[in-house]
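Novice: Provided below: model-v7.pdb, containing PDB, C-alpha atoms and all ligand atoms.
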MODEL        1
ATOM      1  CA  MET A   1      72.718  85.961 222.417  1.00  0.00           C
ATOM      2  CA  PRO A   2      73.053  88.527 219.595  1.00  0.00           C
ATOM      3  CA  ALA A   3      69.977  90.654 218.945  1.00  0.00           C
ATOM      4  CA  PRO A   4      68.029  89.626 215.819  1.00  0.00           C
ATOM      5  CA  ALA A   5      68.955  91.696 212.785  1.00  0.00           C
ATOM      6  CA  ARG A   6      66.453  94.497 212.191  1.00  0.00           C
ATOM      7  CA  SER A   7      65.719  95.828 208.750  1.00  0.00           C
ATOM      8  CA  ARG A   8      67.209  99.275 208.142  1.00  0.00           C
ATOM      9  CA  HIS A   9      64.833 102.195 208.669  1.00  0.00           C
ATOM     10  CA  ARG A  10      63.745 103.759 205.385  1.00  0.00           C
ATOM     11  CA  PRO A  11      61.581 106.882 205.255  1.00  0.00           C
ATOM     12  CA  ASP A  12      58.384 106.885 203.197  1.00  0.00           C
ATOM     13  CA  VAL A  13      59.193 109.179 200.274  1.00  0.00           C
ATOM     14  CA  ALA A  14      56.604 110.908 198.100  1.00  0.00           C
ATOM     15  CA  VAL A  15      57.449 113.149 195.132  1.00  0.00           C
ATOM     16  CA  LEU A  16      55.660 116.343 194.056  1.00  0.00           C
ATOM     17  CA  ARG A  17      56.231 117.325 190.449  1.00  0.00           C
ATOM     18  CA  ILE A  18      55.207 120.887 189.638  1.00  0.00           C
ATOM     19  CA  GLY A  19      55.193 122.589 186.261  1.00  0.00           C
ATOM     20  CA  HIS A  20      54.220 119.492 184.269  1.00  0.00           C
ATOM     21  CA  ARG A  21      52.854 120.371 180.807  1.00  0.00           C
ATOM     22  CA  PRO A  22      50.291 117.721 179.804  1.00  0.00           C
ATOM     23  CA  GLY A  23      50.729 116.842 176.147  1.00  0.00           C
ATOM     24  CA  ARG A  24      54.035 118.713 175.881  1.00  0.00           C
ATOM     25  CA  ASP A  25      56.562 116.699 177.854  1.00  0.00           C
ATOM     26  CA  PRO A  26      54.916 113.344 178.567  1.00  0.00           C
ATOM     27  CA  ARG A  27      58.182 111.421 178.287  1.00  0.00           C
ATOM     28  CA  LEU A  28      60.058 113.492 180.855  1.00  0.00           C
ATOM     29  CA  THR A  29      57.346 113.250 183.509  1.00  0.00           C
ATOM     30  CA  THR A  30      56.777 109.566 182.674  1.00  0.00           C
ATOM     31  CA  HIS A  31      60.475 108.932 183.232  1.00  0.00           C
ATOM     32  CA  LEU A  32      60.320 110.867 186.490  1.00  0.00           C
ATOM     33  CA  ALA A  33      57.423 108.669 187.666  1.00  0.00           C
ATOM     34  CA  LEU A  34      59.160 105.463 186.560  1.00  0.00           C
ATOM     35  CA  ALA A  35      62.394 106.426 188.305  1.00  0.00           C
ATOM     36  CA  ALA A  36      60.482 107.413 191.471  1.00  0.00           C
ATOM     37  CA  ARG A  37      58.695 104.035 191.525  1.00  0.00           C
ATOM     38  CA  ALA A  38      61.713 101.891 190.686  1.00  0.00           C
ATOM     39  CA  LEU A  39      63.956 103.592 193.233  1.00  0.00           C
ATOM     40  CA  GLY A  40      61.537 103.286 196.146  1.00  0.00           C
ATOM     41  CA  ALA A  41      59.166 106.296 196.327  1.00  0.00           C
ATOM     42  CA  SER A  42      55.558 105.505 197.252  1.00  0.00           C
ATOM     43  CA  ARG A  43      53.677 108.062 195.132  1.00  0.00           C
ATOM     44  CA  LEU A  44      53.953 111.006 192.768  1.00  0.00           C
ATOM     45  CA  PHE A  45      51.756 114.055 193.231  1.00  0.00           C
ATOM     46  CA  LEU A  46      51.428 115.598 189.788  1.00  0.00           C
ATOM     47  CA  HIS A  47      50.593 119.248 189.114  1.00  0.00           C
ATOM     48  CA  PRO A  48      48.635 119.815 186.992  1.00  0.00           C
ATOM     49  CA  PRO A  49      46.858 116.442 186.835  1.00  0.00           C
ATOM     50  CA  ASP A  50      47.393 114.272 183.756  1.00  0.00           C
ATOM     51  CA  PRO A  51      45.001 111.288 183.801  1.00  0.00           C
ATOM     52  CA  GLU A  52      46.546 109.689 180.693  1.00  0.00           C
ATOM     53  CA  LEU A  53      49.990 109.696 182.229  1.00  0.00           C
ATOM     54  CA  ALA A  54      48.578 108.385 185.539  1.00  0.00           C
ATOM     55  CA  GLU A  55      46.919 105.506 183.679  1.00  0.00           C
ATOM     56  CA  ARG A  56      50.145 104.627 181.840  1.00  0.00           C
ATOM     57  CA  ILE A  57      51.950 104.368 185.174  1.00  0.00           C
ATOM     58  CA  SER A  58      49.092 102.292 186.666  1.00  0.00           C
ATOM     59  CA  ALA A  59      49.572  99.848 183.790  1.00  0.00           C
ATOM     60  CA  VAL A  60      53.268  99.568 184.681  1.00  0.00           C
ATOM     61  CA  VAL A  61      52.335  98.913 188.329  1.00  0.00           C
ATOM     62  CA  ARG A  62      49.840  96.186 187.331  1.00  0.00           C
ATOM     63  CA  ARG A  63      52.546  94.477 185.342  1.00  0.00           C
ATOM     64  CA  TRP A  64      55.640  95.050 187.456  1.00  0.00           C
ATOM     65  CA  GLY A  65      54.051  95.223 190.926  1.00  0.00           C
ATOM     66  CA  GLY A  66      54.244  97.440 193.989  1.00  0.00           C
ATOM     67  CA  ALA A  67      51.775 100.055 195.193  1.00  0.00           C
ATOM     68  CA  PHE A  68      53.107 103.197 193.510  1.00  0.00           C
ATOM     69  CA  GLU A  69      50.445 105.699 192.411  1.00  0.00           C
ATOM     70  CA  VAL A  70      50.253 108.999 190.536  1.00  0.00           C
ATOM     71  CA  VAL A  71      47.918 111.457 192.272  1.00  0.00           C
ATOM     72  CA  GLY A  72      46.871 114.465 190.174  1.00  0.00           C
ATOM     73  CA  VAL A  73      46.616 117.740 192.124  1.00  0.00           C
ATOM     74  CA  SER A  74      45.050 120.944 190.815  1.00  0.00           C
ATOM     75  CA  GLN A  75      46.960 123.059 193.386  1.00  0.00           C
ATOM     76  CA  TRP A  76      50.489 122.209 194.489  1.00  0.00           C
ATOM     77  CA  LYS A  77      50.888 124.551 197.489  1.00  0.00           C
ATOM     78  CA  PRO A  78      48.362 122.812 199.762  1.00  0.00           C
ATOM     79  CA  VAL A  79      50.109 119.461 199.163  1.00  0.00           C
ATOM     80  CA  LEU A  80      53.311 120.943 200.471  1.00  0.00           C
ATOM     81  CA  GLU A  81      51.735 122.968 203.295  1.00  0.00           C
ATOM     82  CA  ASN A  82      49.631 120.053 204.593  1.00  0.00           C
ATOM     83  CA  TYR A  83      52.322 117.425 204.284  1.00  0.00           C
ATOM     84  CA  ARG A  84      53.069 115.725 207.600  1.00  0.00           C
ATOM     85  CA  GLY A  85      56.801 115.241 207.156  1.00  0.00           C
ATOM     86  CA  GLY A  86      59.912 116.999 205.906  1.00  0.00           C
ATOM     87  CA  VAL A  87      59.774 118.852 202.593  1.00  0.00           C
ATOM     88  CA  ILE A  88      62.825 118.702 200.336  1.00  0.00           C
ATOM     89  CA  HIS A  89      63.106 120.950 197.290  1.00  0.00           C
ATOM     90  CA  LEU A  90      65.616 119.700 194.712  1.00  0.00           C
ATOM     91  CA  THR A  91      67.397 122.702 193.237  1.00  0.00           C
ATOM     92  CA  MET A  92      70.901 123.321 191.919  1.00  0.00           C
ATOM     93  CA  TYR A  93      71.071 126.379 194.235  1.00  0.00           C
ATOM     94  CA  GLY A  94      70.643 124.345 197.440  1.00  0.00           C
ATOM     95  CA  GLU A  95      72.937 122.728 199.994  1.00  0.00           C
ATOM     96  CA  PRO A  96      75.061 119.801 198.752  1.00  0.00           C
ATOM     97  CA  VAL A  97      73.192 116.502 198.992  1.00  0.00           C
ATOM     98  CA  ALA A  98      76.052 114.732 200.804  1.00  0.00           C
ATOM     99  CA  ARG A  99      75.868 117.260 203.645  1.00  0.00           C
ATOM    100  CA  THR A 100      72.110 116.879 204.203  1.00  0.00           C
ATOM    101  CA  ILE A 101      71.543 113.137 203.790  1.00  0.00           C
ATOM    102  CA  PRO A 102      72.563 112.127 207.353  1.00  0.00           C
ATOM    103  CA  ARG A 103      69.896 114.508 208.759  1.00  0.00           C
ATOM    104  CA  LEU A 104      67.187 113.242 206.399  1.00  0.00           C
ATOM    105  CA  LYS A 105      67.662 109.493 206.717  1.00  0.00           C
ATOM    106  CA  ASN A 106      66.028 109.367 210.146  1.00  0.00           C
ATOM    107  CA  GLY A 107      62.832 111.099 209.004  1.00  0.00           C
ATOM    108  CA  ARG A 108      59.615 109.049 208.846  1.00  0.00           C
ATOM    109  CA  ARG A 109      58.026 110.793 205.865  1.00  0.00           C
ATOM    110  CA  LEU A 110      59.611 112.997 203.227  1.00  0.00           C
ATOM    111  CA  LEU A 111      58.150 114.924 200.312  1.00  0.00           C
ATOM    112  CA  VAL A 112      60.584 115.681 197.482  1.00  0.00           C
ATOM    113  CA  VAL A 113      59.577 118.580 195.227  1.00  0.00           C
ATOM    114  CA  VAL A 114      60.969 118.868 191.703  1.00  0.00           C
ATOM    115  CA  GLY A 115      60.317 121.681 189.266  1.00  0.00           C
ATOM    116  CA  GLY A 116      59.898 122.006 185.533  1.00  0.00           C
ATOM    117  CA  ALA A 117      61.133 124.710 183.176  1.00  0.00           C
ATOM    118  CA  LYS A 118      60.395 127.516 185.673  1.00  0.00           C
ATOM    119  CA  VAL A 119      60.319 127.216 189.450  1.00  0.00           C
ATOM    120  CA  PRO A 120      58.214 129.648 191.551  1.00  0.00           C
ATOM    121  CA  PRO A 121      60.579 131.536 193.910  1.00  0.00           C
ATOM    122  CA  THR A 122      58.214 130.934 196.890  1.00  0.00           C
ATOM    123  CA  LEU A 123      59.186 127.256 196.795  1.00  0.00           C
ATOM    124  CA  PHE A 124      62.594 128.035 198.283  1.00  0.00           C
ATOM    125  CA  GLY A 125      60.993 129.466 201.433  1.00  0.00           C
ATOM    126  CA  LEU A 126      58.279 126.820 201.748  1.00  0.00           C
ATOM    127  CA  ALA A 127      60.692 123.871 201.738  1.00  0.00           C
ATOM    128  CA  ASP A 128      62.441 122.654 204.896  1.00  0.00           C
ATOM    129  CA  HIS A 129      65.522 121.769 202.856  1.00  0.00           C
ATOM    130  CA  ASN A 130      66.762 123.085 199.504  1.00  0.00           C
ATOM    131  CA  ILE A 131      69.104 120.393 198.216  1.00  0.00           C
ATOM    132  CA  ALA A 132      71.444 120.329 195.236  1.00  0.00           C
ATOM    133  CA  VAL A 133      72.831 117.315 193.428  1.00  0.00           C
ATOM    134  CA  GLY A 134      75.858 119.203 192.174  1.00  0.00           C
ATOM    135  CA  ALA A 135      75.710 122.981 191.670  1.00  0.00           C
ATOM    136  CA  GLN A 136      75.124 122.665 187.915  1.00  0.00           C
ATOM    137  CA  PRO A 137      71.891 122.597 185.928  1.00  0.00           C
ATOM    138  CA  HIS A 138      70.783 119.131 184.770  1.00  0.00           C
ATOM    139  CA  SER A 139      67.569 117.156 185.030  1.00  0.00           C
ATOM    140  CA  GLU A 140      64.852 116.470 187.602  1.00  0.00           C
ATOM    141  CA  VAL A 141      65.058 112.748 186.761  1.00  0.00           C
ATOM    142  CA  ALA A 142      68.791 112.620 187.444  1.00  0.00           C
ATOM    143  CA  ALA A 143      68.508 114.695 190.638  1.00  0.00           C
ATOM    144  CA  LEU A 144      65.662 112.548 191.980  1.00  0.00           C
ATOM    145  CA  ALA A 145      67.454 109.308 191.152  1.00  0.00           C
ATOM    146  CA  VAL A 146      70.598 110.337 193.013  1.00  0.00           C
ATOM    147  CA  LEU A 147      68.633 111.574 196.033  1.00  0.00           C
ATOM    148  CA  LEU A 148      66.513 108.403 196.274  1.00  0.00           C
ATOM    149  CA  ASP A 149      69.555 106.183 195.957  1.00  0.00           C
ATOM    150  CA  ARG A 150      71.328 108.095 198.741  1.00  0.00           C
ATOM    151  CA  LEU A 151      68.218 108.034 200.949  1.00  0.00           C
ATOM    152  CA  LEU A 152      66.814 104.568 200.285  1.00  0.00           C
ATOM    153  CA  GLY A 153      69.602 102.713 198.518  1.00  0.00           C
ATOM    154  CA  PRO A 154      70.972 100.298 197.694  1.00  0.00           C
ATOM    155  CA  THR A 155      68.398 100.076 194.902  1.00  0.00           C
ATOM    156  CA  PRO A 156      65.449  97.847 195.906  1.00  0.00           C
ATOM    157  CA  ASN A 157      65.541  94.327 194.540  1.00  0.00           C
ATOM    158  CA  THR A 158      63.525  93.321 191.494  1.00  0.00           C
ATOM    159  CA  ARG A 159      60.676  91.762 193.530  1.00  0.00           C
ATOM    160  CA  PHE A 160      57.779  94.176 193.812  1.00  0.00           C
ATOM    161  CA  ARG A 161      54.707  92.797 195.597  1.00  0.00           C
ATOM    162  CA  GLY A 162      51.900  91.569 193.342  1.00  0.00           C
ATOM    163  CA  ALA A 163      53.987  91.718 190.150  1.00  0.00           C
ATOM    164  CA  ALA A 164      52.611  89.873 187.122  1.00  0.00           C
ATOM    165  CA  GLN A 165      56.199  89.413 185.985  1.00  0.00           C
ATOM    166  CA  ARG A 166      59.683  90.038 187.227  1.00  0.00           C
ATOM    167  CA  ILE A 167      63.195  90.082 185.879  1.00  0.00           C
ATOM    168  CA  VAL A 168      65.762  87.537 186.916  1.00  0.00           C
ATOM    169  CA  PRO A 169      69.040  89.430 186.702  1.00  0.00           C
ATOM    170  CA  THR A 170      71.489  87.708 184.392  1.00  0.00           C
ATOM    171  CA  ARG A 171      74.923  88.505 183.036  1.00  0.00           C
ATOM    172  CA  ARG A 172      73.731  88.234 179.436  1.00  0.00           C
ATOM    173  CA  GLY A 173      70.355  88.196 177.727  1.00  0.00           C
ATOM    174  CA  LYS A 174      66.893  88.752 179.178  1.00  0.00           C
ATOM    175  CA  ARG A 175      65.167  86.482 181.670  1.00  0.00           C
ATOM    176  CA  VAL A 176      61.611  87.265 182.755  1.00  0.00           C
ATOM    177  CA  VAL A 177      59.478  85.090 185.031  1.00  0.00           C
ATOM    178  CA  ARG A 178      55.694  85.487 185.018  1.00  0.00           C
ATOM    179  CA  ALA A 179      53.648  85.036 188.200  1.00  0.00           C
ATOM    180  CA  GLY A 180      52.922  81.357 188.753  1.00  0.00           C
ATOM    181  CA  GLU A 181      55.788  80.197 186.534  1.00  0.00           C
ATOM    182  CA  ARG A 182      58.738  78.484 188.163  1.00  0.00           C
ATOM    183  CA  ARG A 183      62.092  80.135 187.722  1.00  0.00           C
ATOM    184  CA  GLN A 184      63.896  78.389 184.857  1.00  0.00           C
ATOM    185  CA  ARG A 185      67.568  77.506 185.073  1.00  0.00           C
TER     186      ARG A 185
HETATM  187  N1  LIG B 201      65.384 126.858 185.422  1.00  0.00           N
HETATM  188  C1  LIG B 201      64.800 126.169 186.536  1.00  0.00           C
HETATM  189  C2  LIG B 201      64.923 126.986 187.775  1.00  0.00           C
HETATM  190  O1  LIG B 201      64.283 128.013 187.849  1.00  0.00           O
HETATM  191  O2  LIG B 201      65.608 126.590 188.726  1.00  0.00           O
HETATM  192  C3  LIG B 201      65.376 124.757 186.687  1.00  0.00           C
HETATM  193  C4  LIG B 201      64.861 123.838 185.648  1.00  0.00           C
HETATM  194  S1  LIG B 201      65.511 122.172 185.727  1.00  0.00           S
HETATM  195  C5  LIG B 201      65.433 121.687 184.057  1.00  0.00           C
HETATM  196  C6  LIG B 201      64.115 121.296 186.368  1.00  0.00           C
HETATM  197  C7  LIG B 201      64.306 120.741 187.741  1.00  0.00           C
HETATM  198  O3  LIG B 201      65.410 119.847 187.788  1.00  0.00           O
HETATM  199  C8  LIG B 201      64.585 121.726 188.839  1.00  0.00           C
HETATM  200  O4  LIG B 201      63.433 122.384 189.273  1.00  0.00           O
HETATM  201  C9  LIG B 201      65.167 120.835 189.921  1.00  0.00           C
HETATM  202  O5  LIG B 201      64.139 120.212 190.682  1.00  0.00           O
HETATM  203  C10 LIG B 201      65.918 119.780 189.113  1.00  0.00           C
HETATM  204  N2  LIG B 201      67.364 120.024 189.050  1.00  0.00           N
HETATM  205  C11 LIG B 201      68.073 120.406 187.974  1.00  0.00           C
HETATM  206  N3  LIG B 201      69.372 120.519 188.281  1.00  0.00           N
HETATM  207  C12 LIG B 201      69.491 120.184 189.593  1.00  0.00           C
HETATM  208  C13 LIG B 201      70.590 120.092 190.503  1.00  0.00           C
HETATM  209  N4  LIG B 201      71.838 120.364 190.147  1.00  0.00           N
HETATM  210  N5  LIG B 201      70.328 119.715 191.780  1.00  0.00           N
HETATM  211  C14 LIG B 201      69.078 119.434 192.168  1.00  0.00           C
HETATM  212  N6  LIG B 201      68.001 119.499 191.357  1.00  0.00           N
HETATM  213  C15 LIG B 201      68.205 119.861 190.092  1.00  0.00           C
ENDMDL
END
Once more with this new file: its structure as structure tokens, please.
Specialist:
Amino acid sequence: MPAPARSRHRPDVAVLRIGHRPGRDPRLTTHLALAARALGASRLFLHPPDPELAERISAVVRRWGGAFEVVGVSQWKPVLENYRGGVIHLTMYGEPVARTIPRLKNGRRLLVVVGGAKVPPTLFGLADHNIAVGAQPHSEVAALAVLLDRLLGPTPNTRFRGAAQRIVPTRRGKRVVRAGERRQR
């Protein structure tokens, strides 16, 4: 008798965003948090803390489900040093992502660190892996999205636990079902 199909192993992935500037780039860090949540990360450690941004993301979680959280941290180094799992630093100077993914997929817990305008040089030595998504400068949101898709993909379905509403994918138009409503044809 064939063995029952087992779900594919997926590491728990947390993200540490350093160099956030509260009040100065709320959209960029908000997009980073939204991409992290939608593509399967479990939490975002945010340095320095930004309670307003954390609350905006909590509102998204209440509406669209899941257990994603933004955790403000006043010091970023201890998060990295005390993390019980592999630490990945996303940087255009690192090893190509395609080369490193097979080694990372079997990990149980991973912390992905992304920088802002300036990255402290010590980060390169503190990380277990310095990984590049192409050796060109671009964006932390793009780099994180590609990494998460390679690690956890294909992209999780639209059902997040406890969602107040969810999207029914359609070829044209918008279809949204609220909790308790039956899916309409
Ligand atoms: N000038 C910064 C530095 O000192 O490296 C980089 C700033 S970049 C706008 C912000 C962040 O995007 C980086 O810290 C890195 O996490 C991510 N990033 C940008 N390009 C990347 C690439 N090609 N591969 C991986 N991560 C990248």
Novice: Please identify all protein, DNA and RNA residues within 10 Å of ligand LIG 201 (chain B), counting all atoms listed in the file, and report them as an mmCIF file with C-alpha atoms, in the coordinates of the input.
Specialist:
data_model
loop_
_atom_site.group_PDB
_atom_site.id
_atom_site.type_symbol
_atom_site.label_atom_id
_atom_site.label_comp_id
_atom_site.auth_asym_id
_atom_site.auth_seq_id
_atom_site.Cartn_x
_atom_site.Cartn_y
_atom_site.Cartn_z
ATOM 1 C CA LEU A 16 55.660 116.343 194.056
ATOM 2 C CA ARG A 17 56.231 117.325 190.449
ATOM 3 C CA ILE A 18 55.207 120.887 189.638
ATOM 4 C CA GLY A 19 55.193 122.589 186.261
ATOM 5 C CA ILE A 88 62.825 118.702 200.336
ATOM 6 C CA HIS A 89 63.106 120.950 197.290
ATOM 7 C CA LEU A 90 65.616 119.700 194.712
ATOM 8 C CA THR A 91 67.397 122.702 193.237
ATOM 9 C CA MET A 92 70.901 123.321 191.919
ATOM 10 C CA TYR A 93 71.071 126.379 194.235
ATOM 11 C CA GLY A 94 70.643 124.345 197.440
ATOM 12 C CA GLU A 95 72.937 122.728 199.994
ATOM 13 C CA PRO A 96 75.061 119.801 198.752
ATOM 14 C CA VAL A 97 73.192 116.502 198.992
ATOM 15 C CA VAL A 112 60.584 115.681 197.482
ATOM 16 C CA VAL A 113 59.577 118.580 195.227
ATOM 17 C CA VAL A 114 60.969 118.868 191.703
ATOM 18 C CA GLY A 115 60.317 121.681 189.266
ATOM 19 C CA GLY A 116 59.898 122.006 185.533
ATOM 20 C CA ALA A 117 61.133 124.710 183.176
ATOM 21 C CA LYS A 118 60.395 127.516 185.673
ATOM 22 C CA VAL A 119 60.319 127.216 189.450
ATOM 23 C CA PRO A 120 58.214 129.648 191.551
ATOM 24 C CA PRO A 121 60.579 131.536 193.910
ATOM 25 C CA LEU A 123 59.186 127.256 196.795
ATOM 26 C CA ASN A 130 66.762 123.085 199.504
ATOM 27 C CA ILE A 131 69.104 120.393 198.216
ATOM 28 C CA ALA A 132 71.444 120.329 195.236
ATOM 29 C CA VAL A 133 72.831 117.315 193.428
ATOM 30 C CA GLY A 134 75.858 119.203 192.174
ATOM 31 C CA ALA A 135 75.710 122.981 191.670
ATOM 32 C CA GLN A 136 75.124 122.665 187.915
ATOM 33 C CA PRO A 137 71.891 122.597 185.928
ATOM 34 C CA HIS A 138 70.783 119.131 184.770
ATOM 35 C CA SER A 139 67.569 117.156 185.030
ATOM 36 C CA GLU A 140 64.852 116.470 187.602
ATOM 37 C CA VAL A 141 65.058 112.748 186.761
ATOM 38 C CA ALA A 142 68.791 112.620 187.444
ATOM 39 C CA ALA A 143 68.508 114.695 190.638
ATOM 40 C CA LEU A 144 65.662 112.548 191.980
ATOM 41 C CA VAL A 146 70.598 110.337 193.013
ATOM 42 C CA LEU A 147 68.633 111.574 196.033
#
Novice: Give the answer as one residue: which of A:Pro169, A:Gly40, A:Pro49, A:Pro154 has the shortest atom-to-atom distance to Ser74 of chain A, using all atoms listed in the file?
Specialist: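 Closest candidate: A:Pro49.
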Novice: Counting all atoms listed in the file, what is within 10 Å of Pro26 of chain A, bar same-chain residues fewer than 6 positions away, as an MDAnalysis selection string?
Specialist: chainID A and resid 20 32 50 52:53
Novice: Within 6 Å of (53.1, 107.6, 190.0) in the file's own coordinates, which protein, DNA or RNA residues have an atom, counting only C-alpha atoms? List them as a PDB file with C-alpha atoms, in the coordinates of the input.
Specialist:
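This went into out34.pdb:
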ATOM      1  CA  ALA A  33      57.423 108.669 187.666  1.00  0.00           C
ATOM      2  CA  ARG A  43      53.677 108.062 195.132  1.00  0.00           C
ATOM      3  CA  LEU A  44      53.953 111.006 192.768  1.00  0.00           C
ATOM      4  CA  ILE A  57      51.950 104.368 185.174  1.00  0.00           C
ATOM      5  CA  PHE A  68      53.107 103.197 193.510  1.00  0.00           C
ATOM      6  CA  GLU A  69      50.445 105.699 192.411  1.00  0.00           C
ATOM      7  CA  VAL A  70      50.253 108.999 190.536  1.00  0.00           C
TER       8      VAL A  70
END
Novice: For Thr30 of chain A, which of A:Arg159, A:Arg178, A:Lys77, A:Arg56 is the closest residue, counting all atoms listed in the file?
Specialist: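 Among the listed residues, A:Arg56 lies closest to Thr30 of chain A.
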Novice: Is it possible to produce a file of segment 128-181 of chain A from this structure, with C-alpha atoms, as an mmCIF file, in the first residue's frame?
Specialist:
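Once written, decode_19.cif looks like this:
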data_model
loop_
_atom_site.group_PDB
_atom_site.id
_atom_site.type_symbol
_atom_site.label_atom_id
_atom_site.label_comp_id
_atom_site.auth_asym_id
_atom_site.auth_seq_id
_atom_site.Cartn_x
_atom_site.Cartn_y
_atom_site.Cartn_z
ATOM 1 C CA ASP A 128 25.158 32.404 8.718
ATOM 2 C CA HIS A 129 24.375 33.118 5.069
ATOM 3 C CA ASN A 130 24.729 36.306 3.015
ATOM 4 C CA ILE A 131 22.379 35.825 0.075
ATOM 5 C CA ALA A 132 21.855 37.875 -3.069
ATOM 6 C CA VAL A 133 18.815 37.963 -5.312
ATOM 7 C CA GLY A 134 20.815 39.077 -8.322
ATOM 8 C CA ALA A 135 24.056 41.037 -7.876
ATOM 9 C CA GLN A 136 22.362 44.389 -8.537
ATOM 10 C CA PRO A 137 20.879 46.914 -6.122
ATOM 11 C CA HIS A 138 17.069 46.857 -5.867
ATOM 12 C CA SER A 139 14.610 46.636 -3.002
ATOM 13 C CA GLU A 140 14.226 44.747 0.277
ATOM 14 C CA VAL A 141 10.595 43.987 -0.639
ATOM 15 C CA ALA A 142 11.573 42.422 -3.957
ATOM 16 C CA ALA A 143 14.481 40.468 -2.437
ATOM 17 C CA LEU A 144 12.318 39.131 0.400
ATOM 18 C CA ALA A 145 9.497 38.161 -1.946
ATOM 19 C CA VAL A 146 11.794 36.146 -4.198
ATOM 20 C CA LEU A 147 13.488 34.428 -1.251
ATOM 21 C CA LEU A 148 10.187 33.491 0.431
ATOM 22 C CA ASP A 149 8.759 32.163 -2.806
ATOM 23 C CA ARG A 150 11.855 30.008 -3.370
ATOM 24 C CA LEU A 151 11.827 28.782 0.242
ATOM 25 C CA LEU A 152 8.115 28.358 0.930
ATOM 26 C CA GLY A 153 6.472 28.522 -2.477
ATOM 27 C CA PRO A 154 4.307 27.975 -4.323
ATOM 28 C CA THR A 155 2.564 30.993 -2.799
ATOM 29 C CA PRO A 156 0.188 29.949 0.017
ATOM 30 C CA ASN A 157 -3.463 29.762 -0.930
ATOM 31 C CA THR A 158 -5.878 32.563 -0.108
ATOM 32 C CA ARG A 159 -7.272 30.840 3.020
ATOM 33 C CA PHE A 160 -5.645 32.240 6.134
ATOM 34 C CA ARG A 161 -7.011 30.864 9.416
ATOM 35 C CA GLY A 162 -9.544 33.070 11.203
ATOM 36 C CA ALA A 163 -10.005 35.452 8.258
ATOM 37 C CA ALA A 164 -13.031 37.753 8.378
ATOM 38 C CA GLN A 165 -13.004 37.709 4.588
ATOM 39 C CA ARG A 166 -11.206 36.002 1.772
ATOM 40 C CA ILE A 167 -10.809 36.360 -1.952
ATOM 41 C CA VAL A 168 -12.184 33.818 -4.359
ATOM 42 C CA PRO A 169 -9.772 33.951 -7.280
ATOM 43 C CA THR A 170 -11.556 34.730 -10.521
ATOM 44 C CA ARG A 171 -10.492 35.409 -14.082
ATOM 45 C CA ARG A 172 -12.233 38.788 -14.118
ATOM 46 C CA GLY A 173 -13.628 41.113 -11.477
ATOM 47 C CA LYS A 174 -13.432 40.886 -7.695
ATOM 48 C CA ARG A 175 -15.060 38.207 -5.569
ATOM 49 C CA VAL A 176 -14.802 38.417 -1.785
ATOM 50 C CA VAL A 177 -16.510 36.065 0.668
ATOM 51 C CA ARG A 178 -17.029 37.154 4.277
ATOM 52 C CA ALA A 179 -16.837 34.653 7.143
ATOM 53 C CA GLY A 180 -20.174 32.900 7.547
ATOM 54 C CA GLU A 181 -21.319 33.718 4.011
#
